[in-house]
Each structure stands twice: as C-alpha cells, then as structure tokens.
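Only one structure is covered here, and it is reproduced in the block below.
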Amino acid sequence: MNIPEDLKYTVTDEWIKIDGEGIASIGITDFAQEELTDIVYITDFPEIGDHVEKGSSLAVIESVKTVADVVSPFTGIITEINSVLEGKPEMLNEDPYNAWIIKIKVDDQGAFTQLLDPEQYRKKLSEDS
C-alpha cells in the first residue's frame, strides 16, 4: 500500500497536502480507493467560496461497491474544486495521490497538528485490520 511520506492523513482516510499559504489540498488515500473499488462518480461538491465546517461532507464518491463521503478535516473556505474528476472519477483509482479532490483555505492552521503523519496512519490501518 502506498503511503507517501510528504503528506498528512486523517482517520477517515483522506490525504492532505498543505502549502505555505495555509491552503490544504485534499484527496483520498490508496487504502480508501482500494476499499471503494471501482469509482464511478464523484458528486455533491460545495461551491468555490463556500465556508465548510470540520466533519462536513466535501463530496460524495460512488463506486460499484458503496457510496462514501469525503470528510472535511478542517473548517475553512473552498478555494478550488477538481472538476476534472466529475468526468473522470477513475483517476481516483488510477493515482489517488495525484488526483486531489478539493482545496480549502483553512481558518485555524492549528488544526494541522491534529493530522496523522505517515507512521501514525500506517499504525491506524494496522489497528483497523
């Protein structure tokens, strides 16, 4: 299973990449895409400029197996949506770490400290199995 060392992770299986401006790119992990299997749709994005709360849904991913929410790890403002995924959701299966889903300008950068580092994420996965 691929768990890049340069990213942070959530207990709900999202990956996070944080830039110097406090903007977080969010996607799903390799583990998440394997659990979902063949992804066929990604829908229900908020609008750019919307304020989202931590724990709210950022998008809905539908696969041949199930439906799952992409959960916001932060409170903040939506700055960008990867609309390419609406027409090519399979990108999430093919290369989940290069298929970011949404970007958020995070209100409280202290929230970054609540993310898991790669080692903590590996431990979480081993405990879940």
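Identifiers in this document derive from the order of the structure tokens: chains are assigned A, B, ..., residues are numbered from 1 separately in each chain, and ligands are numbered from 1 in order of occurrence.
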
Compile the contact shell of range 49-62 of chain A as a short mmCIF file (atom, residue, chain, number, x, y, z; two decimals) with C-alpha atoms, in the first residue's frame: residues with an atom at most 6 Å away, counting only C-alpha atoms, same-chain residues fewer than 4 positions apart removed.
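Contents of part_3.cif, freshly written:
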```
data_model
loop_
_atom_site.label_atom_id
_atom_site.label_comp_id
_atom_site.auth_asym_id
_atom_site.auth_seq_id
_atom_site.Cartn_x
_atom_site.Cartn_y
_atom_site.Cartn_z
CA ILE A 39 -15.11 4.55 -8.54
CA VAL A 40 -17.85 5.56 -10.99
CA TYR A 41 -19.00 9.04 -9.77
CA ILE A 42 -17.91 11.92 -7.61
CA THR A 43 -20.64 14.47 -6.90
CA ASP A 44 -22.11 16.94 -4.41
CA PHE A 45 -19.18 19.33 -4.28
CA VAL A 67 -21.14 5.33 -1.51
CA ALA A 68 -18.79 7.33 0.73
CA ASP A 69 -18.34 10.94 1.81
CA VAL A 70 -15.08 12.83 1.55
CA VAL A 71 -14.94 14.36 5.03
CA SER A 72 -13.54 17.82 5.66
CA PRO A 73 -10.69 17.70 8.17
CA PHE A 74 -10.88 21.48 8.58
CA THR A 75 -13.16 24.46 8.85
CA GLY A 76 -12.45 26.90 6.06
CA ILE A 77 -13.27 28.34 2.63
CA ILE A 78 -13.36 26.24 -0.56
#
```

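Take the candidates A:Ala32, A:Ile26, A:Val11, A:Ile16 and check each one against Asn93 in chain A using only C-alpha atoms; the shortest distance goes to A:Ala32.
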
Query raised in the report: Would you give me, as a ChimeraX atom specification, the residues in chain A that DSSP reads as strand (DSSP E or B)?
Result: /A:8-9,14-18,23-28,39-43,51-52,57-63,67-71,76-81,102-106,116

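Our summary of the geometry notes that CA of Ile18 in chain A is positioned 16.1 Å from CA of Ile3 in chain A.
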
Contacts between range 108-116 of chain A and range 1-68 of chain A, please, where a residue of range 1-68 of chain A counts if it comes within 12 Å (with only C-alpha atoms); show its shortest atom pair and distance in Å to one decimal, rows by chain and ascending number, as a Markdown table.
```
| residue | atom | partner | partner_atom | distance |
| --- | --- | --- | --- | --- |
| A:Ile3 | CA | A:Leu116 | CA | 11.6 |
| A:Glu5 | CA | A:Leu116 | CA | 11.1 |
| A:Asp6 | CA | A:Leu116 | CA | 11.6 |
| A:Leu7 | CA | A:Leu116 | CA | 9.0 |
| A:Lys8 | CA | A:Leu116 | CA | 5.6 |
| A:Tyr9 | CA | A:Leu116 | CA | 4.9 |
| A:Thr10 | CA | A:Leu115 | CA | 5.7 |
| A:Val11 | CA | A:Leu116 | CA | 7.6 |
| A:Thr12 | CA | A:Leu115 | CA | 10.7 |
| A:Asp13 | CA | A:Leu116 | CA | 10.1 |
| A:Glu14 | CA | A:Leu115 | CA | 10.0 |
| A:Trp15 | CA | A:Leu115 | CA | 9.3 |
| A:Ile16 | CA | A:Leu115 | CA | 8.4 |
| A:Lys17 | CA | A:Phe112 | CA | 10.2 |
| A:Ile18 | CA | A:Phe112 | CA | 8.5 |
| A:Asp19 | CA | A:Gln109 | CA | 11.3 |
| A:Gly20 | CA | A:Gln109 | CA | 10.8 |
| A:Glu21 | CA | A:Gln109 | CA | 10.0 |
| A:Gly22 | CA | A:Gln109 | CA | 6.7 |
| A:Ile23 | CA | A:Gln109 | CA | 9.3 |
| A:Ala24 | CA | A:Phe112 | CA | 9.3 |
| A:Glu53 | CA | A:Asp108 | CA | 11.4 |
| A:Lys54 | CA | A:Ala111 | CA | 9.6 |
```

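With only C-alpha atoms as the atoms that count, the minimum distance from Ile101 in chain A to the choices A:Thr29, A:Asp128, A:Pro4, A:Gln120 is reached by A:Thr29.
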
Query raised in the report: Using only C-alpha atoms, which of the listed residues (A:Glu94, A:Glu119, A:Glu47, A:Glu127) sits closest to Asn82 in chain A?
Result: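 So, comparing all the options, the nearest one is A:Glu47.
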
Report summary line: Pairwise distance, CA of Leu125 in chain A with CA of Lys105 in chain A, equals 27.8 Å

Query raised in the report: A:Lys103, A:Lys124, A:Lys65, A:Lys88: which is nearest Gln33 in chain A, counting only C-alpha atoms?
Result: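 Nearest to Gln33 in chain A: A:Lys65.
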
Requested in this report: Determine which residues of range 2-54 of chain A DSSP labels as alpha helix (DSSP H) from the backbone of this structure, then write them out as a VMD selection string.
Outcome: chain A and resid 30 to 36

Please, could you write that set of residues out with C-alpha atoms as a CSV table (one decimal), in the first residue's frame?
```csv
chain,number,residue,atom,x,y,z
A,30,ASP,CA,-4.7,4.5,-1.7
A,31,PHE,CA,-6.3,2.5,1.1
A,32,ALA,CA,-9.6,4.3,0.6
A,33,GLN,CA,-9.7,3.8,-3.2
A,34,GLU,CA,-8.9,0.1,-2.7
A,35,GLU,CA,-11.8,-0.3,-0.2
A,36,LEU,CA,-14.2,1.6,-2.5
```

Query raised in the report: Given the choices A:Val64, A:Ile48, A:Ile81, A:Met1, which gets closest to Ala99 in chain A if the distance is worked out from only C-alpha atoms?
Result: A:Ile81
